[in-house]
Each structure stands twice: as C-alpha cells, then as structure tokens.
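Read the structure below first, then the notes.
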Amino acid sequence: MKTSNAIKNSLEKEDIKLTLRELNIAEYHAWDLLVKNFQHSCFMQTCSWADFKEIEGYKSFRYGLFAKSQLIGGCIYYLYPHSNKANLLIAPGGPILPENLPEEGIELLLNKAKELVQKLGAIALRIEPLWQSKPDYLKNFVRAPADLLPSESLLIDLRPDASQILAAMKPKGRYNIRLSQRYGVKIEFSSDSQTIPLFYNLFWETVQRQKFFGEPYGFFINLCQTLFASDMAEIGLAHWQGEIIAAILVVYCGNIATYLYGGRSLAHPKVMANYSLHWDAMQRAKMRGCQFYDFYGFTHDPNHSYAKFSQFKSQFGGKPITTIGAHDYFFYDQLADTLISLFQNLAGGSK
C-alpha cells in the first residue's frame, strides 16, 4: 500500500476525480490498512470495530473514496435505531479524507450521509475526526452537545528508548514503577478469552467504588472476542502473591496503543501494581511498533469526572492533546419531518 505522501504526490500529477462506493468484503483488509496508516487513525473506524458494533445492535455502513481504483479515504458510519426516529448517523474517529482532496471527499460523504438518513429516519450526521483544528470545509458543521470520544487525552511518546521515556516522567511516576518492580509485581498480557472475566471482576469492582457508568459483561465478551480475533487488543493483568490486583484493556491501531478500560483492587496498594502494569503496556506497545500510548481521557479540571484518573495518568509525563470534538451536520428537511412525526405521535397519544 502507498503511504499518504505517495498518494498525495500521485494525485498532484493529474486531475483525479473522486468516486464513493460501498466497500465490499474483499476490500475490508485494504480499508483497515488505510485507517492504521492514516495520521489521525482511530480504531473505531476499523472493520473489526464495526463488526463489534453490529453485534451490539448497531447498523454499519462502510464507504470508500477512490481515485480511479485506488482506495484513498472514506468513512464507516454507524446508527443505533431508536423507536422515536430521532436517530443520529455517527462516525466516531472519522471521516478519513485524502489530504489533497478533502473538500471533494467531504462533499461526497455528506451526499451519501443524506441518502442514508432519509432511508433510516436520522436527523443529522455526527462526525468526530481526531484533528486538533477545525478546517474551513467543516464550516457548516456545528459543535455537538456530546462527544463520542474524549476530546482531551494524554499521549506518551514511545519513540525514545526506555530510559528516556522514564526520564520524561514525573519523579513520582518513575519511583512508583521501580517500587512496584521491587515488590515483584508480575505482569501478564493475553488475548485469551479466559482473561475476560478476570478483567471484568476488577473493572466492575472499580465501577461500583467510583460510582461511574460501567458496561455490562456481555459488552466485553463481544468487544474482546472480536478484537482479539483481529490481533487488535489484549488484556493486561497484574499479579502479586498469587492475586490479580489490577487489569487493563489495550487496543492497538496503527502506531497508537490506547488504554481503553481498566480496574484495580483496593488490596495491597503499597505495591503500586497499576504503575508497573501501564509501564509494561507501553513497552509491549513499543515492541509491536506503536509510537504512542494513548491514555484516552484526560483533564486539568479538578472538578471533572476524569480528575482523579488524570492525576494518576499525569505521573507518566506525556503531552496533553485536545481535538476538535464531535460536530453535527443537520439535514433540516429530515429534521422537520421527524419533528412533525413526533408531534403527531404525541398528539395521538393524548387523545
């Protein structure tokens, strides 16, 4: 597959007309390679993630942008059908636009989205590309009231050697990693489905303790089994004296490893198991060719629900990143039809 620079150079040599069509199954591998090589890659735009979301009840629509026969961009749209018909067509982590033809690409994708929302009873397209600035060609998109992905995150650069990564951490982070190692905390990473209940026990314990929303066990069965099969995820477990006291789920996509979920026991806090667990996850990601470890959700706001987690994450150093967040494009004809239908249903119910 050509790199993005090679694609850009080839498009500059002649006037290429973009076309959009639904991907066929034989093209899924090429699409995933494109996503993983994209500068702002996101695992939620892979076919494996789309397969998982379909198991969860979503509909997925996989479209590619082509220059002649070459796949150079596109988008996977998702929709979860709600009975009230006020549905959203969403594209978390998307779209993927060719660097040299972004306006043409977004126009084709918007036209396709309009066809889909008319057919599916949706009112808007919500996109969330992982860009740090909003381009002019998104001027008709408005900031969404809720994000699909955390718009703030913390990236650890894995490209330096281990000693340099450690040196870039806060002193407490380095100290706790070494303390955990001295205590003899053992770390194990696996894509064996038998680790899912071990992970979930600690995840759910943490959910109940911290009083935040937690996905059910079946969600993780579907998620892990789908991503394990495509070598996109692993569960990491921290053992001490025969007891599992911390667990994380890491997702791999292109040059980024993302810490997606985690949990820990309150037992044996002195051994700092979470520190050695994330440090080993970074080393493992680096060996897999990842250049960044994404802590997925970070804030400097002391009143934010992420505040405690962010304080822990900040001990590893890293660079805070803020993306443009989710943006909506409303299809007003469809919105008007939906509102009329909802009002009619309400009026009928009040008789």
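Please note that chains go A, B, ... in the order of the structure tokens, that every chain numbers its residues from 1, and that ligands are numbered from 1 in the order shown.
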
From a backbone DSSP assignment, name each residue in range 112-218 of chain A labelled alpha helix (DSSP H), as a PyMOL selection string. chain A and resi 112-120+162-167+171-183+195-210+217-218

Using only N, CA and C atoms, please write the residues we just selected to a file, as a CSV table (one decimal), in the first residue's frame.
chain,number,residue,atom,x,y,z
A,112,LYS,N,-23.7,11.1,0.6
A,112,LYS,CA,-24.1,9.7,0.9
A,112,LYS,C,-24.8,9.7,2.3
A,113,ALA,N,-24.3,10.5,3.2
A,113,ALA,CA,-25.0,10.5,4.6
A,113,ALA,C,-26.4,11.0,4.4
A,114,LYS,N,-26.7,12.0,3.5
A,114,LYS,CA,-28.0,12.4,3.3
A,114,LYS,C,-28.9,11.3,2.8
A,115,GLU,N,-28.4,10.5,1.9
A,115,GLU,CA,-29.2,9.4,1.4
A,115,GLU,C,-29.5,8.4,2.5
A,116,LEU,N,-28.5,8.2,3.4
A,116,LEU,CA,-28.7,7.2,4.5
A,116,LEU,C,-29.7,7.7,5.5
A,117,VAL,N,-29.6,9.0,5.9
A,117,VAL,CA,-30.5,9.5,6.9
A,117,VAL,C,-32.0,9.5,6.4
A,118,GLN,N,-32.1,9.8,5.1
A,118,GLN,CA,-33.5,9.8,4.6
A,118,GLN,C,-34.1,8.3,4.6
A,119,LYS,N,-33.2,7.4,4.4
A,119,LYS,CA,-33.7,6.0,4.4
A,119,LYS,C,-33.9,5.5,5.8
A,120,LEU,N,-33.1,5.9,6.7
A,120,LEU,CA,-33.0,5.4,8.1
A,120,LEU,C,-33.8,6.2,9.1
A,162,ALA,N,13.7,3.3,26.5
A,162,ALA,CA,13.0,3.2,27.7
A,162,ALA,C,13.6,4.2,28.8
A,163,SER,N,14.9,4.4,28.8
A,163,SER,CA,15.5,5.3,29.8
A,163,SER,C,15.0,6.7,29.6
A,164,GLN,N,14.9,7.1,28.3
A,164,GLN,CA,14.4,8.5,28.0
A,164,GLN,C,12.9,8.6,28.4
A,165,ILE,N,12.1,7.6,28.1
A,165,ILE,CA,10.7,7.7,28.5
A,165,ILE,C,10.5,7.8,30.0
A,166,LEU,N,11.3,7.0,30.7
A,166,LEU,CA,11.3,7.1,32.2
A,166,LEU,C,11.7,8.5,32.7
A,167,ALA,N,12.8,9.1,32.0
A,167,ALA,CA,13.3,10.4,32.4
A,167,ALA,C,12.3,11.5,32.2
A,171,PRO,N,8.8,12.5,38.8
A,171,PRO,CA,9.6,11.7,39.7
A,171,PRO,C,8.7,10.6,40.4
A,172,LYS,N,7.5,11.0,40.8
A,172,LYS,CA,6.6,10.0,41.5
A,172,LYS,C,6.3,8.9,40.6
A,173,GLY,N,6.1,9.1,39.3
A,173,GLY,CA,5.8,8.1,38.3
A,173,GLY,C,7.0,7.1,38.2
A,174,ARG,N,8.2,7.6,38.1
A,174,ARG,CA,9.4,6.7,38.0
A,174,ARG,C,9.5,5.9,39.3
A,175,TYR,N,9.4,6.6,40.4
A,175,TYR,CA,9.6,6.0,41.7
A,175,TYR,C,8.6,4.8,41.9
A,176,ASN,N,7.3,5.0,41.5
A,176,ASN,CA,6.3,4.0,41.8
A,176,ASN,C,6.5,2.8,40.8
A,177,ILE,N,6.9,3.1,39.6
A,177,ILE,CA,7.2,1.9,38.7
A,177,ILE,C,8.3,1.1,39.3
A,178,ARG,N,9.4,1.7,39.8
A,178,ARG,CA,10.5,0.9,40.3
A,178,ARG,C,10.1,0.3,41.6
A,179,LEU,N,9.3,0.9,42.4
A,179,LEU,CA,8.8,0.3,43.7
A,179,LEU,C,8.0,-0.9,43.4
A,180,SER,N,7.1,-0.8,42.4
A,180,SER,CA,6.3,-2.0,42.0
A,180,SER,C,7.2,-3.1,41.5
A,181,GLN,N,8.2,-2.8,40.8
A,181,GLN,CA,9.1,-3.9,40.3
A,181,GLN,C,9.9,-4.5,41.5
A,182,ARG,N,10.3,-3.7,42.4
A,182,ARG,CA,11.0,-4.2,43.6
A,182,ARG,C,10.1,-5.2,44.4
A,183,TYR,N,8.8,-4.9,44.5
A,183,TYR,CA,7.9,-5.7,45.2
A,183,TYR,C,7.6,-7.0,44.4
A,195,THR,N,-9.3,-14.6,30.0
A,195,THR,CA,-8.9,-13.5,30.8
A,195,THR,C,-10.0,-12.4,30.9
A,196,ILE,N,-11.1,-12.5,30.1
A,196,ILE,CA,-12.1,-11.5,30.1
A,196,ILE,C,-12.8,-11.5,31.5
A,197,PRO,N,-13.3,-12.6,32.1
A,197,PRO,CA,-13.9,-12.5,33.4
A,197,PRO,C,-12.9,-12.0,34.5
A,198,LEU,N,-11.6,-12.3,34.4
A,198,LEU,CA,-10.7,-11.8,35.3
A,198,LEU,C,-10.6,-10.3,35.3
A,199,PHE,N,-10.5,-9.8,34.0
A,199,PHE,CA,-10.5,-8.3,33.8
A,199,PHE,C,-11.8,-7.7,34.4
A,200,TYR,N,-13.0,-8.3,34.0
A,200,TYR,CA,-14.2,-7.7,34.3
A,200,TYR,C,-14.5,-7.6,35.8
A,201,ASN,N,-14.0,-8.6,36.6
A,201,ASN,CA,-14.2,-8.6,38.0
A,201,ASN,C,-13.6,-7.3,38.6
A,202,LEU,N,-12.4,-7.0,38.2
A,202,LEU,CA,-11.8,-5.8,38.7
A,202,LEU,C,-12.4,-4.5,38.1
A,203,PHE,N,-12.7,-4.5,36.8
A,203,PHE,CA,-13.4,-3.4,36.2
A,203,PHE,C,-14.7,-3.1,37.0
A,204,TRP,N,-15.5,-4.1,37.3
A,204,TRP,CA,-16.8,-3.9,37.9
A,204,TRP,C,-16.6,-3.4,39.4
A,205,GLU,N,-15.6,-4.0,40.0
A,205,GLU,CA,-15.3,-3.5,41.4
A,205,GLU,C,-15.0,-2.0,41.4
A,206,THR,N,-14.2,-1.6,40.4
A,206,THR,CA,-13.9,-0.2,40.3
A,206,THR,C,-15.1,0.7,40.0
A,207,VAL,N,-15.9,0.2,39.1
A,207,VAL,CA,-17.2,0.9,38.7
A,207,VAL,C,-18.0,1.2,39.9
A,208,GLN,N,-18.2,0.2,40.8
A,208,GLN,CA,-19.0,0.3,41.9
A,208,GLN,C,-18.4,1.2,43.0
A,209,ARG,N,-17.1,1.2,43.1
A,209,ARG,CA,-16.4,2.0,44.0
A,209,ARG,C,-16.4,3.5,43.6
A,210,GLN,N,-16.2,3.7,42.3
A,210,GLN,CA,-16.1,5.1,41.8
A,210,GLN,C,-17.4,5.7,41.4
A,217,TYR,N,-21.2,-7.1,31.3
A,217,TYR,CA,-20.2,-8.2,31.0
A,217,TYR,C,-20.3,-8.6,29.5
A,218,GLY,N,-21.5,-8.7,29.0
A,218,GLY,CA,-21.7,-9.1,27.6
A,218,GLY,C,-21.0,-8.2,26.6

Please run DSSP on the backbone and report, as JSON, numbers by chain, all residues within range 113-347 of chain A that come out as strand (DSSP E or B). {"A": [122, 123, 124, 125, 126, 127, 128, 142, 143, 152, 153, 154, 155, 156, 157, 186, 187, 188, 189, 190, 233, 234, 235, 236, 237, 238, 239, 240, 243, 244, 245, 246, 247, 248, 249, 250, 251, 252, 253, 256, 257, 258, 259, 260, 261, 262, 263, 264, 292, 293, 294, 319, 320, 321, 322, 327, 328, 329, 330]}

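Contact shell of Ile96 in chain A at 8 Å (only C-alpha atoms; same-chain neighbours under 6 positions omitted): Val35, Phe38, Gly73, Gly74, Cys75 and Pro129 of chain A.
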
Long-range neighbours of range 137-151 of chain A as number ranges by chain, 10 Å cut-off, only C-alpha atoms, 3 positions minimum in chain: A: 44, 90-93, 102-104, 106-107, 125-132, 134, 296-299, 321-330

What is the CA of Ser193 in chain A to CA of Val250 in chain A distance in Å? 14.2 Å

Spatial neighbours of Lys59 in chain A, 7 Å, only C-alpha atoms, chain gap at least 2 places, as JSON, numbers by chain: {"A": [54, 57, 61, 78, 79, 80]}

Can you write just those residues out, N, CA, C and O atoms, as a tab-separated table (two decimals), in the first residue's frame?
chain	number	residue	atom	x	y	z
A	54	GLU	N	-21.89	-4.05	15.28
A	54	GLU	CA	-23.05	-4.75	14.72
A	54	GLU	C	-23.55	-5.83	15.68
A	54	GLU	O	-24.76	-6.03	15.81
A	57	GLY	N	-25.85	-4.39	18.11
A	57	GLY	CA	-27.14	-3.92	17.63
A	57	GLY	C	-27.11	-2.71	16.72
A	57	GLY	O	-28.15	-2.24	16.26
A	61	PHE	N	-22.23	1.17	7.99
A	61	PHE	CA	-22.24	1.47	6.56
A	61	PHE	C	-20.83	1.87	6.18
A	61	PHE	O	-20.32	2.91	6.64
A	78	TYR	N	-22.18	4.73	11.55
A	78	TYR	CA	-22.92	3.83	12.44
A	78	TYR	C	-24.27	4.46	12.78
A	78	TYR	O	-24.40	5.68	12.85
A	79	LEU	N	-25.24	3.60	13.02
A	79	LEU	CA	-26.53	4.07	13.50
A	79	LEU	C	-27.12	3.03	14.43
A	79	LEU	O	-27.14	1.84	14.10
A	80	TYR	N	-27.57	3.50	15.60
A	80	TYR	CA	-28.32	2.62	16.50
A	80	TYR	C	-29.79	3.01	16.39
A	80	TYR	O	-30.17	4.12	16.77

Write out as a ChimeraX atom specification the residues lying within 9 Å of range 219-230 of chain A, counting only C-alpha atoms and excluding same-chain residues fewer than 3 positions away. /A:48-49,51-53,55-56,191-193,196-197,200,215-216,233-235,249,251

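Of the residues listed (A:Ile123, A:Leu97, A:Leu23, A:Leu109), A:Leu23 shows the shortest atom-to-atom separation from Arg62 in chain A; distances use only C-alpha atoms.
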
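Atom to atom, CA of Ile156 in chain A and CA of Asn100 in chain A stand 29.3 Å apart.
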
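Each of A:Leu88, A:Leu277, A:Leu65, A:Ala26 was checked against Cys47 in chain A using only C-alpha atoms; the smallest atom-to-atom distance is that of A:Ala26.
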